[in-house]
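Here the structure is laid out as structure tokens; the discussion comes afterwards.
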2 protein chains.
Amino acid sequence: MNLPPLVQSFVLHFGEMGSRWGINRTVGQIYALLYVSPRPLCADDIVDALGVSRSNVSMGLRELQAWNLVLPKHIPDDRRDHFTTPDDVWQILRVLAEERKKREVDPTLSVLRELLMQTPGSEEERHAQARMAEMHGLIDRLTTWYEDVKRLETERLAALLALGARVTRLLEAKDKVVGLVRGRKES
Amino acid sequence: MNLPPLVQSFVLHFGEMGSRWGINRTVGQIYALLYVSPRPLCADDIVDALGVSRSNVSMGLRELQAWNLVLPKHIPDDRRDHFTTPDDVWQILRVLAEERKKREVDPTLSVLRELLMQTPGSEEERHAQARMAEMHGLIDRLTTWYEDVKRLETERLAALLALGARVTRLLEAKDKVVGLVRGRKES
DNA sequence: CCGTGATTTCAGAACTTTCTGAAATCTATG
DNA sequence: CATAGATTTCAGAAAGTTCTGAAATCACGG
């Protein structure tokens with residue numbers, strides 16, 4: 001590996017974090033490299049930069065494309081495929097959230113739904129099912145919220161984030177207004 | 001393993017999902033078992049229920065305690081430690097978010113901060129640093145928002161979730177009201 | 001402060017994942 | 001449609017992890 005020190009640190013860090021994020025070292029490094037690269041890179045560029053085998057890079061790119069985190073980008077007059085990351089970080093966030101949900105949440109949601117359809121055959125099963133219902137309820141709320149929020153344009157989403165916990169004040173204000181209106185109508 | 005079928009399916013599913021969630025099979029199964037169990041279980045109960053070695057259970061419980069996902073609960077007149085999961089699912093969600101942030105986000109945030117302090121030594125490094133700044137900015141916003149939101153009581157949080165994307169309508173309404181007030185003051 | 005039973009630690013076995021180089025496959029020309 | 005370069009596949013080697021049983025440690029009642 002022979003990279004500018006800043007880039008190298010970044011790439012190595014992503015490699016190390018990879019396992020915590022559910023991807024392997026090489027995949028993490030490839031992503032990091034593409035993320036900071038000023039231009040799309042081809043597989044051989046990546047081999048040179050990271051010092052891993054050609055086939056490993058091929059597999060890594062495959063996986064990153066499956067995650068929609070890396071896109072092929074054609075470079076005119078070059079037969080080789082080149083790759084980049086989407087450059088809008090918000091877009092990256094969306095992709096990441098979507099993929100993680102698909103892999104980490106959806107399967108559990110569907111298993112829970114299935115188990116909740118069954119009739120419990122004992123007190124123990126009845127209790128277990130009640131617990132599963134609680135879990136299902138929570139996950140369901142969260143995913144519904146997520147489905148709502150992901151449709152917002154970036155600008156609105158950013159505004160919402162910036163607002164943070166202060167949304168609740170807005171909520172309170174709303175309740176008050178609604179209360180007032182109701183009060184007037186009822187009187 | 002000899003469990004009521006409903007419980008068994010749930011436990012096996014958590015075992016399988018474990019690897020996607022960054023824990024191993026046994027840890028996933030132990031958690032699932034404790035989650036649906038109507039009373040705290042001791043290590044030997046878990047050994048019997050899951051059919052894994054005593055030491056494996058010991059390590060699993062250790063890890064789950066480190067995650068704050070499992071709590072020791074003393075049972076009177078029994079020397080053995082017993083364990084449960086916190087029973088409020090919202091509480092579980094909070095713990096999970098906190099721990100994942102600590103393990104998956106914070107280290108990256110601090111590496112990014114460090115790398116952003118350095119002076120780029122080339123155009124390539126300058127570009128890389130700009131990209132890192134974008135990433136840092138996004139993560140920073142997200143974590144700030146998270147720090148805000150996690151302080152909300154469960155009830156408010158639930159209300160906010162239920163509101164979903166409709167918050168934006170509230171935002172629009174607010175902007176309008178603020179606009180009105182401003183208009184009045186300025187006239 | 002000994003003995004008993006609960007719990008943890010740890011070295012290595014079993015298993016899983018990751019990585020490589022060689023061979024196979026694909027693809028765009030001339 | 002042959003060829004040269006690019007890319008992918010794949011079997012097995014290397015590395016990493018999870019799991020076990022045996023031994024060590026701990027902790028409490030007598």
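Here's how to read the names in the structure tokens: chain A, B, ... by the order shown, residue numbers from 1 in each chain, ligand numbers from 1 in the order shown.
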
Can you check which residues of chain C have any atom within 8 Å of chain A? Use only C-alpha atoms (C1' of nucleotides) and format it as a PDB file with N, CA, C and O atoms (P, O5', C5', C4', C3', O3' and C1' of nucleotides), in the first residue's frame.
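Result file selection_5.pdb:
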ATOM      1  P    DT C  18     -16.007 -12.437   5.821  1.00  0.00           P
ATOM      2  O5'  DT C  18     -14.535 -12.688   5.262  1.00  0.00           O
ATOM      3  C5'  DT C  18     -13.439 -12.501   6.146  1.00  0.00           C
ATOM      4  C4'  DT C  18     -12.168 -12.753   5.396  1.00  0.00           C
ATOM      5  C3'  DT C  18     -12.010 -11.951   4.105  1.00  0.00           C
ATOM      6  O3'  DT C  18     -10.758 -11.325   4.238  1.00  0.00           O
ATOM      7  C1'  DT C  18     -11.523 -14.234   3.722  1.00  0.00           C
ATOM      8  P    DC C  19     -10.209 -10.276   3.192  1.00  0.00           P
ATOM      9  O5'  DC C  19      -9.242 -11.191   2.338  1.00  0.00           O
ATOM     10  C5'  DC C  19      -8.084 -11.760   2.974  1.00  0.00           C
ATOM     11  C4'  DC C  19      -7.406 -12.651   1.979  1.00  0.00           C
ATOM     12  C3'  DC C  19      -7.131 -11.996   0.630  1.00  0.00           C
ATOM     13  O3'  DC C  19      -5.718 -11.858   0.507  1.00  0.00           O
ATOM     14  C1'  DC C  19      -8.021 -14.217   0.402  1.00  0.00           C
ATOM     15  P    DT C  20      -5.156 -11.219  -0.843  1.00  0.00           P
ATOM     16  O5'  DT C  20      -4.802 -12.529  -1.660  1.00  0.00           O
ATOM     17  C5'  DT C  20      -3.885 -13.464  -1.100  1.00  0.00           C
ATOM     18  C4'  DT C  20      -3.762 -14.667  -2.010  1.00  0.00           C
ATOM     19  C3'  DT C  20      -3.406 -14.317  -3.452  1.00  0.00           C
ATOM     20  O3'  DT C  20      -2.093 -14.798  -3.705  1.00  0.00           O
ATOM     21  C1'  DT C  20      -5.201 -15.914  -3.341  1.00  0.00           C
TER      22       DT C  20
END

Counting only C-alpha atoms (C1' of nucleotides), which residues of chain D fall within 9 Å of chain A, and what is the closest atom pair for each with its distance in Å at one decimal, ordered by chain and rising number, as a Markdown table?
| residue | atom | partner | partner_atom | distance |
| --- | --- | --- | --- | --- |
| D:DG5 | C1' | A:Arg79 | CA | 8.8 |
| D:DA6 | C1' | A:Arg80 | CA | 6.4 |
| D:DT7 | C1' | A:Ser58 | CA | 7.8 |
| D:DT8 | C1' | A:Ser58 | CA | 7.5 |

Expected file: the selected residues, N, CA and C atoms (P, O5', C5', C4', C3', O3' and C1' of nucleotides), as a PDB file, in the first residue's frame:
ATOM      1  P    DG D   5      -2.587  -7.611 -24.936  1.00  0.00           P
ATOM      2  O5'  DG D   5      -3.615  -6.962 -23.906  1.00  0.00           O
ATOM      3  C5'  DG D   5      -4.460  -5.908 -24.344  1.00  0.00           C
ATOM      4  C4'  DG D   5      -5.756  -6.033 -23.597  1.00  0.00           C
ATOM      5  C3'  DG D   5      -5.589  -5.990 -22.071  1.00  0.00           C
ATOM      6  O3'  DG D   5      -6.335  -4.893 -21.597  1.00  0.00           O
ATOM      7  C1'  DG D   5      -7.053  -7.737 -22.720  1.00  0.00           C
ATOM      8  P    DA D   6      -6.281  -4.411 -20.098  1.00  0.00           P
ATOM      9  O5'  DA D   6      -7.694  -4.900 -19.552  1.00  0.00           O
ATOM     10  C5'  DA D   6      -8.873  -4.421 -20.177  1.00  0.00           C
ATOM     11  C4'  DA D   6     -10.031  -5.185 -19.593  1.00  0.00           C
ATOM     12  C3'  DA D   6     -10.074  -5.173 -18.059  1.00  0.00           C
ATOM     13  O3'  DA D   6     -11.335  -4.655 -17.660  1.00  0.00           O
ATOM     14  C1'  DA D   6     -10.308  -7.392 -18.903  1.00  0.00           C
ATOM     15  P    DT D   7     -11.701  -4.525 -16.115  1.00  0.00           P
ATOM     16  O5'  DT D   7     -12.335  -5.949 -15.832  1.00  0.00           O
ATOM     17  C5'  DT D   7     -13.522  -6.331 -16.542  1.00  0.00           C
ATOM     18  C4'  DT D   7     -13.932  -7.703 -16.081  1.00  0.00           C
ATOM     19  C3'  DT D   7     -14.087  -7.833 -14.567  1.00  0.00           C
ATOM     20  O3'  DT D   7     -15.462  -8.040 -14.331  1.00  0.00           O
ATOM     21  C1'  DT D   7     -12.981  -9.719 -15.520  1.00  0.00           C
ATOM     22  P    DT D   8     -16.035  -8.320 -12.858  1.00  0.00           P
ATOM     23  O5'  DT D   8     -16.016  -9.911 -12.870  1.00  0.00           O
ATOM     24  C5'  DT D   8     -16.816 -10.588 -13.833  1.00  0.00           C
ATOM     25  C4'  DT D   8     -16.684 -12.078 -13.620  1.00  0.00           C
ATOM     26  C3'  DT D   8     -17.081 -12.546 -12.224  1.00  0.00           C
ATOM     27  O3'  DT D   8     -18.090 -13.527 -12.431  1.00  0.00           O
ATOM     28  C1'  DT D   8     -14.965 -13.449 -12.846  1.00  0.00           C
TER      29       DT D   8
END

Would you mind writing down, as a short mmCIF file (atom, residue, chain, number, x, y, z; two decimals) with N, CA and C atoms, in the first residue's frame, each residue of chain A that DSSP on the backbone assigns to strand (DSSP E or B)?
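And here is the file that came out, selection_31.cif:
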data_model
loop_
_atom_site.label_atom_id
_atom_site.label_comp_id
_atom_site.auth_asym_id
_atom_site.auth_seq_id
_atom_site.Cartn_x
_atom_site.Cartn_y
_atom_site.Cartn_z
N LEU A 41 -11.90 4.92 -10.13
CA LEU A 41 -10.74 4.03 -10.22
C LEU A 41 -11.15 2.70 -10.84
N CYS A 42 -10.20 2.08 -11.52
CA CYS A 42 -10.49 0.75 -12.04
C CYS A 42 -9.91 -0.28 -11.08
N LEU A 71 -20.69 2.60 -7.66
CA LEU A 71 -21.29 2.58 -8.99
C LEU A 71 -20.23 2.45 -10.06
N PRO A 72 -20.50 1.65 -11.09
CA PRO A 72 -19.57 1.63 -12.22
C PRO A 72 -19.73 2.94 -12.98
N LYS A 73 -18.62 3.47 -13.44
CA LYS A 73 -18.68 4.72 -14.20
C LYS A 73 -17.76 4.57 -15.41
N HIS A 82 -14.62 1.46 -14.45
CA HIS A 82 -14.16 2.29 -13.34
C HIS A 82 -15.29 2.46 -12.33
N PHE A 83 -14.92 2.76 -11.10
CA PHE A 83 -15.93 2.81 -10.04
C PHE A 83 -15.80 4.05 -9.17
N THR A 84 -16.94 4.53 -8.73
CA THR A 84 -16.99 5.64 -7.77
C THR A 84 -18.05 5.36 -6.72
#

With a cut-off of 8 Å, could you pull out the residues of chain B touching chain A and give me the nearest pair of atoms for each, distance in Å to one decimal, using only C-alpha atoms, ordered by chain and ascending number, as a Markdown table?
| residue | atom | partner | partner_atom | distance |
| --- | --- | --- | --- | --- |
| B:Pro4 | CA | A:Glu125 | CA | 6.8 |
| B:Leu6 | CA | A:Glu125 | CA | 6.5 |
| B:Val7 | CA | A:Ala128 | CA | 6.6 |
| B:Ser9 | CA | A:Leu115 | CA | 8.0 |
| B:Phe10 | CA | A:Val111 | CA | 7.8 |
| B:His13 | CA | A:Thr108 | CA | 7.6 |
| B:Met17 | CA | A:Glu104 | CA | 7.3 |
| B:Arg20 | CA | A:Glu104 | CA | 6.3 |
| B:Trp21 | CA | A:Glu104 | CA | 6.7 |
| B:Gly22 | CA | A:Arg20 | CA | 6.5 |
| B:Tyr35 | CA | A:Arg131 | CA | 7.4 |
| B:Val36 | CA | A:Ala128 | CA | 4.5 |
| B:Ser37 | CA | A:Ala128 | CA | 6.6 |
| B:Pro38 | CA | A:His127 | CA | 6.5 |
| B:Val89 | CA | A:Met135 | CA | 6.5 |
| B:Trp90 | CA | A:Leu138 | CA | 7.6 |
| B:Arg103 | CA | A:Arg20 | CA | 7.6 |
| B:Glu104 | CA | A:Arg20 | CA | 6.3 |
| B:Thr108 | CA | A:His13 | CA | 7.6 |
| B:Val111 | CA | A:His13 | CA | 7.7 |
| B:Leu112 | CA | A:Phe10 | CA | 7.8 |
| B:Leu115 | CA | A:Leu6 | CA | 6.6 |
| B:Pro120 | CA | A:Leu6 | CA | 7.5 |
| B:Glu124 | CA | A:Pro38 | CA | 7.1 |
| B:Glu125 | CA | A:Leu6 | CA | 6.4 |
| B:His127 | CA | A:Pro38 | CA | 6.5 |
| B:Ala128 | CA | A:Val36 | CA | 4.6 |
| B:Gln129 | CA | A:Val36 | CA | 7.7 |
| B:Arg131 | CA | A:Val36 | CA | 5.8 |
| B:Met132 | CA | A:Val36 | CA | 7.3 |
| B:Glu134 | CA | A:Val89 | CA | 7.0 |
| B:Met135 | CA | A:Val89 | CA | 6.5 |
| B:Leu138 | CA | A:Val89 | CA | 7.3 |
| B:Arg141 | CA | A:Leu161 | CA | 7.0 |
| B:Leu142 | CA | A:Leu161 | CA | 7.1 |
| B:Thr144 | CA | A:Gly164 | CA | 7.7 |
| B:Trp145 | CA | A:Gly164 | CA | 4.9 |
| B:Tyr146 | CA | A:Gly164 | CA | 7.8 |
| B:Asp148 | CA | A:Ala165 | CA | 4.9 |
| B:Val149 | CA | A:Ala165 | CA | 5.2 |
| B:Leu152 | CA | A:Ala165 | CA | 7.3 |
| B:Arg156 | CA | A:Thr168 | CA | 7.3 |
| B:Leu160 | CA | A:Thr168 | CA | 7.8 |
| B:Leu161 | CA | A:Trp145 | CA | 5.7 |
| B:Ala162 | CA | A:Trp145 | CA | 7.0 |
| B:Leu163 | CA | A:Trp145 | CA | 7.9 |
| B:Gly164 | CA | A:Trp145 | CA | 4.9 |
| B:Ala165 | CA | A:Asp148 | CA | 4.9 |
| B:Thr168 | CA | A:Arg156 | CA | 7.4 |
| B:Leu170 | CA | A:Leu170 | CA | 7.7 |
| B:Lys174 | CA | A:Leu170 | CA | 7.8 |

Inset, instruction - Excluding DC10 (chain D) and any residue of its chain fewer than 2 positions from it, enumerate the residues within 10 Å of it, using only C-alpha atoms (C1' of nucleotides), and give them as an NGL selection string. - result: (:C and (22-24)) or (:D and (8 or 12))

Inset, instruction - Work out how far apart CA of Gln91 (chain A) and CA of Asp140 (chain A) are and give it in Å to one decimal. - result: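 Atom-to-atom, CA of Gln91 (chain A) to CA of Asp140 (chain A), that is 23.9 Å.
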
Quick one: DSSP helix (DSSP H, G or I) residues in chain A, as a PDB file with C-alpha atoms, in the first residue's frame?
ATOM      1  CA  PRO A   5      -0.700   9.456   4.625  1.00  0.00           C
ATOM      2  CA  LEU A   6      -4.094  11.078   5.141  1.00  0.00           C
ATOM      3  CA  VAL A   7      -5.740   8.742   2.689  1.00  0.00           C
ATOM      4  CA  GLN A   8      -3.917   5.766   4.094  1.00  0.00           C
ATOM      5  CA  SER A   9      -5.110   6.439   7.644  1.00  0.00           C
ATOM      6  CA  PHE A  10      -8.663   6.785   6.415  1.00  0.00           C
ATOM      7  CA  VAL A  11      -8.502   3.608   4.372  1.00  0.00           C
ATOM      8  CA  LEU A  12      -6.946   1.614   7.204  1.00  0.00           C
ATOM      9  CA  HIS A  13      -9.563   2.832   9.635  1.00  0.00           C
ATOM     10  CA  PHE A  14     -12.374   1.721   7.352  1.00  0.00           C
ATOM     11  CA  GLY A  15     -10.686  -1.616   7.020  1.00  0.00           C
ATOM     12  CA  GLU A  16     -10.594  -2.046  10.772  1.00  0.00           C
ATOM     13  CA  MET A  17     -14.178  -0.881  11.296  1.00  0.00           C
ATOM     14  CA  GLY A  18     -15.381  -3.154   8.514  1.00  0.00           C
ATOM     15  CA  SER A  19     -15.977  -6.111  10.776  1.00  0.00           C
ATOM     16  CA  ARG A  20     -18.124  -4.022  13.115  1.00  0.00           C
ATOM     17  CA  TRP A  21     -20.168  -2.818  10.189  1.00  0.00           C
ATOM     18  CA  ARG A  25     -11.566  -5.521   5.699  1.00  0.00           C
ATOM     19  CA  THR A  26     -10.935  -5.362   1.975  1.00  0.00           C
ATOM     20  CA  VAL A  27     -14.463  -4.211   1.221  1.00  0.00           C
ATOM     21  CA  GLY A  28     -14.126  -1.444   3.795  1.00  0.00           C
ATOM     22  CA  GLN A  29     -10.826  -0.342   2.342  1.00  0.00           C
ATOM     23  CA  ILE A  30     -12.067  -0.336  -1.225  1.00  0.00           C
ATOM     24  CA  TYR A  31     -15.016   1.783  -0.229  1.00  0.00           C
ATOM     25  CA  ALA A  32     -12.871   4.254   1.681  1.00  0.00           C
ATOM     26  CA  LEU A  33     -10.449   4.549  -1.192  1.00  0.00           C
ATOM     27  CA  LEU A  34     -13.168   5.217  -3.736  1.00  0.00           C
ATOM     28  CA  TYR A  35     -14.880   7.621  -1.398  1.00  0.00           C
ATOM     29  CA  VAL A  36     -11.896   9.951  -1.159  1.00  0.00           C
ATOM     30  CA  ALA A  43      -9.890  -2.594 -10.378  1.00  0.00           C
ATOM     31  CA  ASP A  44      -6.156  -2.506 -11.067  1.00  0.00           C
ATOM     32  CA  ASP A  45      -5.798   0.946  -9.525  1.00  0.00           C
ATOM     33  CA  ILE A  46      -7.341  -0.517  -6.404  1.00  0.00           C
ATOM     34  CA  VAL A  47      -5.029  -3.526  -6.477  1.00  0.00           C
ATOM     35  CA  ASP A  48      -2.050  -1.171  -6.619  1.00  0.00           C
ATOM     36  CA  ALA A  49      -3.371   1.148  -3.953  1.00  0.00           C
ATOM     37  CA  LEU A  50      -4.304  -1.520  -1.428  1.00  0.00           C
ATOM     38  CA  ARG A  54      -6.983  -8.862  -8.091  1.00  0.00           C
ATOM     39  CA  SER A  55      -9.702 -11.408  -7.387  1.00  0.00           C
ATOM     40  CA  ASN A  56     -10.274 -10.064  -3.926  1.00  0.00           C
ATOM     41  CA  VAL A  57     -10.884  -6.628  -5.415  1.00  0.00           C
ATOM     42  CA  SER A  58     -13.272  -8.128  -7.904  1.00  0.00           C
ATOM     43  CA  MET A  59     -15.294  -9.729  -5.130  1.00  0.00           C
ATOM     44  CA  GLY A  60     -15.196  -6.596  -3.029  1.00  0.00           C
ATOM     45  CA  LEU A  61     -16.502  -4.440  -5.865  1.00  0.00           C
ATOM     46  CA  ARG A  62     -19.210  -6.984  -6.456  1.00  0.00           C
ATOM     47  CA  GLU A  63     -20.344  -6.766  -2.873  1.00  0.00           C
ATOM     48  CA  LEU A  64     -20.227  -2.977  -2.792  1.00  0.00           C
ATOM     49  CA  GLN A  65     -22.308  -2.836  -5.927  1.00  0.00           C
ATOM     50  CA  ALA A  66     -24.830  -5.182  -4.342  1.00  0.00           C
ATOM     51  CA  VAL A  89     -23.281  11.918   1.423  1.00  0.00           C
ATOM     52  CA  TRP A  90     -27.019  12.124   2.092  1.00  0.00           C
ATOM     53  CA  GLN A  91     -27.574   9.743  -0.729  1.00  0.00           C
ATOM     54  CA  ILE A  92     -25.035   7.409   0.837  1.00  0.00           C
ATOM     55  CA  LEU A  93     -26.867   7.615   4.141  1.00  0.00           C
ATOM     56  CA  ARG A  94     -30.141   6.700   2.461  1.00  0.00           C
ATOM     57  CA  VAL A  95     -28.617   3.744   0.690  1.00  0.00           C
ATOM     58  CA  LEU A  96     -27.006   2.534   3.889  1.00  0.00           C
ATOM     59  CA  ALA A  97     -30.202   2.819   5.887  1.00  0.00           C
ATOM     60  CA  GLU A  98     -32.168   1.029   3.204  1.00  0.00           C
ATOM     61  CA  GLU A  99     -29.747  -1.837   2.887  1.00  0.00           C
ATOM     62  CA  ARG A 100     -29.336  -2.345   6.594  1.00  0.00           C
ATOM     63  CA  LYS A 101     -33.060  -2.377   7.073  1.00  0.00           C
ATOM     64  CA  LYS A 102     -33.422  -4.926   4.313  1.00  0.00           C
ATOM     65  CA  ARG A 103     -30.797  -7.208   5.793  1.00  0.00           C
ATOM     66  CA  GLU A 104     -31.082  -6.680   9.513  1.00  0.00           C
ATOM     67  CA  VAL A 105     -34.683  -5.784  10.204  1.00  0.00           C
ATOM     68  CA  ASP A 106     -37.057  -7.050   7.546  1.00  0.00           C
ATOM     69  CA  PRO A 107     -36.332 -10.755   8.034  1.00  0.00           C
ATOM     70  CA  THR A 108     -37.031 -10.471  11.743  1.00  0.00           C
ATOM     71  CA  LEU A 109     -40.196  -8.517  11.140  1.00  0.00           C
ATOM     72  CA  SER A 110     -41.506 -11.230   8.886  1.00  0.00           C
ATOM     73  CA  VAL A 111     -40.593 -14.031  11.282  1.00  0.00           C
ATOM     74  CA  LEU A 112     -42.332 -12.159  14.078  1.00  0.00           C
ATOM     75  CA  ARG A 113     -45.466 -11.696  12.014  1.00  0.00           C
ATOM     76  CA  GLU A 114     -45.508 -15.379  11.228  1.00  0.00           C
ATOM     77  CA  LEU A 115     -45.036 -16.440  14.835  1.00  0.00           C
ATOM     78  CA  LEU A 116     -47.742 -14.054  15.972  1.00  0.00           C
ATOM     79  CA  MET A 117     -50.245 -15.776  13.680  1.00  0.00           C
ATOM     80  CA  GLU A 123     -49.026 -20.484  29.166  1.00  0.00           C
ATOM     81  CA  GLU A 124     -45.312 -20.214  28.415  1.00  0.00           C
ATOM     82  CA  GLU A 125     -46.001 -19.803  24.712  1.00  0.00           C
ATOM     83  CA  ARG A 126     -48.706 -17.276  25.436  1.00  0.00           C
ATOM     84  CA  HIS A 127     -46.222 -15.176  27.365  1.00  0.00           C
ATOM     85  CA  ALA A 128     -43.550 -15.557  24.694  1.00  0.00           C
ATOM     86  CA  GLN A 129     -46.014 -14.432  22.078  1.00  0.00           C
ATOM     87  CA  ALA A 130     -46.963 -11.380  24.093  1.00  0.00           C
ATOM     88  CA  ARG A 131     -43.284 -10.428  24.251  1.00  0.00           C
ATOM     89  CA  MET A 132     -42.918 -10.973  20.528  1.00  0.00           C
ATOM     90  CA  ALA A 133     -45.940  -8.748  19.984  1.00  0.00           C
ATOM     91  CA  GLU A 134     -44.229  -5.976  21.931  1.00  0.00           C
ATOM     92  CA  MET A 135     -41.107  -6.331  19.853  1.00  0.00           C
ATOM     93  CA  HIS A 136     -43.092  -6.441  16.666  1.00  0.00           C
ATOM     94  CA  GLY A 137     -45.026  -3.337  17.649  1.00  0.00           C
ATOM     95  CA  LEU A 138     -41.861  -1.372  18.225  1.00  0.00           C
ATOM     96  CA  ILE A 139     -40.113  -2.479  15.051  1.00  0.00           C
ATOM     97  CA  ASP A 140     -43.250  -1.816  13.088  1.00  0.00           C
ATOM     98  CA  ARG A 141     -43.496   1.735  14.366  1.00  0.00           C
ATOM     99  CA  LEU A 142     -39.867   2.378  13.653  1.00  0.00           C
ATOM    100  CA  THR A 143     -40.004   1.068  10.124  1.00  0.00           C
ATOM    101  CA  THR A 144     -43.201   2.943   9.366  1.00  0.00           C
ATOM    102  CA  TRP A 145     -41.560   6.121  10.582  1.00  0.00           C
ATOM    103  CA  TYR A 146     -38.518   5.339   8.508  1.00  0.00           C
ATOM    104  CA  GLU A 147     -40.606   4.752   5.379  1.00  0.00           C
ATOM    105  CA  ASP A 148     -42.175   8.170   5.946  1.00  0.00           C
ATOM    106  CA  VAL A 149     -38.969   9.995   6.595  1.00  0.00           C
ATOM    107  CA  LYS A 150     -36.973   8.519   3.762  1.00  0.00           C
ATOM    108  CA  THR A 154     -32.672  16.155   1.729  1.00  0.00           C
ATOM    109  CA  GLU A 155     -33.306  19.770   2.519  1.00  0.00           C
ATOM    110  CA  ARG A 156     -36.326  19.056   4.681  1.00  0.00           C
ATOM    111  CA  LEU A 157     -34.596  16.165   6.322  1.00  0.00           C
ATOM    112  CA  ALA A 158     -31.677  18.400   7.212  1.00  0.00           C
ATOM    113  CA  ALA A 159     -34.060  20.987   8.643  1.00  0.00           C
ATOM    114  CA  LEU A 160     -35.678  18.316  10.764  1.00  0.00           C
ATOM    115  CA  LEU A 161     -32.342  17.067  12.018  1.00  0.00           C
ATOM    116  CA  ALA A 162     -31.246  20.573  12.869  1.00  0.00           C
ATOM    117  CA  LEU A 163     -34.382  21.022  14.879  1.00  0.00           C
ATOM    118  CA  GLY A 164     -33.502  18.022  17.004  1.00  0.00           C
ATOM    119  CA  ALA A 165     -35.327  17.664  20.254  1.00  0.00           C
ATOM    120  CA  ARG A 166     -36.815  21.091  19.792  1.00  0.00           C
ATOM    121  CA  VAL A 167     -39.492  19.415  17.677  1.00  0.00           C
ATOM    122  CA  THR A 168     -41.225  18.597  20.906  1.00  0.00           C
ATOM    123  CA  ARG A 169     -41.665  22.273  21.631  1.00  0.00           C
ATOM    124  CA  LEU A 170     -43.317  22.539  18.273  1.00  0.00           C
ATOM    125  CA  LEU A 171     -45.518  19.629  19.237  1.00  0.00           C
ATOM    126  CA  GLU A 172     -46.503  21.320  22.459  1.00  0.00           C
ATOM    127  CA  ALA A 173     -47.310  24.490  20.596  1.00  0.00           C
ATOM    128  CA  LYS A 174     -49.470  22.525  18.193  1.00  0.00           C
ATOM    129  CA  ASP A 175     -51.332  20.840  21.049  1.00  0.00           C
ATOM    130  CA  LYS A 176     -52.004  24.212  22.554  1.00  0.00           C
ATOM    131  CA  VAL A 177     -53.338  25.672  19.317  1.00  0.00           C
ATOM    132  CA  VAL A 178     -55.481  22.636  18.683  1.00  0.00           C
ATOM    133  CA  GLY A 179     -56.720  22.898  22.256  1.00  0.00           C
ATOM    134  CA  LEU A 180     -57.653  26.540  21.739  1.00  0.00           C
ATOM    135  CA  VAL A 181     -59.494  25.836  18.538  1.00  0.00           C
ATOM    136  CA  ARG A 182     -61.380  22.965  20.125  1.00  0.00           C
ATOM    137  CA  GLY A 183     -62.209  25.135  23.106  1.00  0.00           C
ATOM    138  CA  ARG A 184     -63.650  27.833  20.875  1.00  0.00           C
ATOM    139  CA  LYS A 185     -65.723  25.380  18.890  1.00  0.00           C
ATOM    140  CA  GLU A 186     -67.114  23.751  22.007  1.00  0.00           C
TER     141      GLU A 186
END

Inset, instruction - Enter the distance from C1' of DC26 (chain C) to C1' of DC1 (chain D), in Å, rounded to one decimal. - result: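 Answer for the C1' of DC26 (chain C) to C1' of DC1 (chain D) separation: 14.8 Å.
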
Inset, instruction - Calculate how many Å separate C1' of DG29 (chain D) from CA of Arg39 (chain B), rounding to one decimal. - result: 27.2 Å

Legend entry - Close residues, DT4 (chain C) itself excluded, 12 Å, only C-alpha atoms (C1' of nucleotides), min 5 positions apart in chain, as a list in words: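 What passes the distance filter is DC26, DA27, DC28, DG29 and DG30 of chain D.
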